[in-house]
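As provided, run_39.cif (mmCIF, C-alpha atoms) reads as follows.
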```
data_entry
loop_
_atom_site.label_atom_id
_atom_site.label_comp_id
_atom_site.auth_asym_id
_atom_site.auth_seq_id
_atom_site.Cartn_x
_atom_site.Cartn_y
_atom_site.Cartn_z
CA MET E 511 90.83 143.67 71.63
CA ARG E 512 92.29 147.14 71.30
CA GLU E 513 89.41 148.27 69.08
CA ARG E 514 86.86 147.07 71.66
CA GLY E 515 88.61 148.91 74.50
CA ILE E 516 89.59 145.78 76.38
CA PHE E 517 93.07 147.07 77.21
CA VAL E 518 93.40 149.71 79.93
CA THR E 519 96.29 151.79 81.21
CA VAL E 520 96.97 151.35 84.93
CA ASP E 521 99.37 153.51 86.94
CA ARG E 522 101.58 151.71 89.47
CA PRO E 523 103.47 153.78 92.07
CA GLN E 524 106.79 151.99 91.57
CA ARG E 525 106.49 151.10 87.88
CA GLY E 526 104.50 153.91 86.34
CA PRO E 527 101.75 153.53 83.75
CA PHE E 528 101.43 150.28 81.83
CA VAL E 529 98.85 148.68 79.55
CA MET E 530 97.08 145.49 80.64
CA PRO E 531 93.93 143.57 79.75
CA GLY E 532 90.89 144.97 81.51
CA ARG E 533 87.40 143.52 81.60
CA PRO E 534 86.65 141.43 78.51
CA VAL E 535 82.87 141.69 78.90
CA LYS E 536 81.28 145.11 78.42
CA MET E 537 77.72 145.71 79.65
CA SER E 538 75.81 148.87 78.87
CA ASN E 539 74.54 149.44 82.43
CA SER E 540 77.64 148.35 84.28
CA SER E 541 80.94 150.17 84.38
CA ALA E 542 83.65 148.74 86.58
CA GLU E 543 86.94 150.58 86.84
CA VAL E 544 90.16 148.62 86.57
CA GLU E 545 92.74 149.84 89.05
CA ALA E 546 96.11 148.66 90.27
CA ALA E 547 96.25 146.22 93.15
CA PRO E 548 97.81 147.52 96.36
CA LEU E 549 101.54 147.02 96.77
CA LEU E 550 102.57 143.98 98.76
CA GLY E 551 101.84 144.69 102.42
CA ALA E 552 100.33 148.13 101.76
CA ASP E 553 96.99 147.20 103.32
CA LYS E 554 98.37 144.97 106.08
CA ALA E 555 97.40 147.28 108.95
CA ALA E 556 93.83 147.67 107.72
CA LEU E 557 93.41 143.94 107.16
CA CYS E 558 94.87 142.99 110.54
CA GLY E 559 92.64 145.51 112.23
CA GLU E 560 89.51 144.44 110.36
CA TRP E 561 89.98 140.67 110.21
CA LEU E 562 91.84 140.07 113.47
CA GLY E 563 90.40 142.91 115.52
CA LEU E 564 93.86 144.33 116.28
CA SER E 565 94.22 147.85 117.57
CA PRO E 566 97.04 150.07 116.27
CA GLN E 567 98.88 149.32 119.53
CA GLY E 568 98.43 145.57 119.06
CA LEU E 569 99.72 145.83 115.52
CA ALA E 570 102.72 147.85 116.73
CA ALA E 571 103.45 145.19 119.37
CA LEU E 572 103.41 142.44 116.74
CA LYS E 573 105.75 144.49 114.54
CA ALA E 574 108.12 145.07 117.47
CA ALA E 575 108.14 141.33 118.19
CA GLN E 576 108.84 140.72 114.46
CA VAL E 577 105.74 138.55 114.14
CA ILE E 578 104.61 140.55 111.13
#
```
Would you write the structure of this file as structure tokens?
Amino acid sequence: MRERGIFVTVDRPQRGPFVMPGRPVKMSNSSAEVEAAPLLGADKAALCGEWLGLSPQGLAALKAAQVI
């Protein structure tokens, strides 16, 4: 797997770089980058705004009420 380039190095903000399996299938006309997933809760504001239609003020109100 190492010889075929399956393993990739990913940099995590809290952990630093580490090696993990990437994409096992390689296609000549397709290159997909492997990147670290967001930290837990890092994209909460964007998701709440996009999926629930919350404004920044609505999100702040839910935080103040300790709903999220």
Atom CA of E:Ala555 to atom CA of E:Gln567, straight-line distance in Å: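 Atom CA of E:Ala555 lies 10.9 Å from atom CA of E:Gln567.
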Gap from atom CA of E:Val544 to atom CA of E:Val518 - Å, one decimal: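 Between these atoms lies a distance of 7.5 Å.
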Within-12 Å shell of (89.9, 143.1, 77.2) in input frame, only C-alpha atoms, as a list of chain:residue names: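 Here is the list of nearby residues: E:Met511, E:Arg512, E:Glu513, E:Arg514, E:Gly515, E:Ile516, E:Phe517, E:Val518, E:Thr519, E:Val529, E:Met530, E:Pro531, E:Gly532, E:Arg533, E:Pro534, E:Val535, E:Lys536, E:Val544.
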Atom CA of E:Gly559 to atom CA of E:Ala547, straight-line distance in Å: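 Atom-to-atom, atom CA of E:Ala547 to atom CA of E:Gly559, that is 19.4 Å.
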Residues near E:Ala556, cut-off 10 Å, all atoms listed in the file, skip fewer than 4 positions along chain, as number ranges by chain: E: 552, 560-566, 569
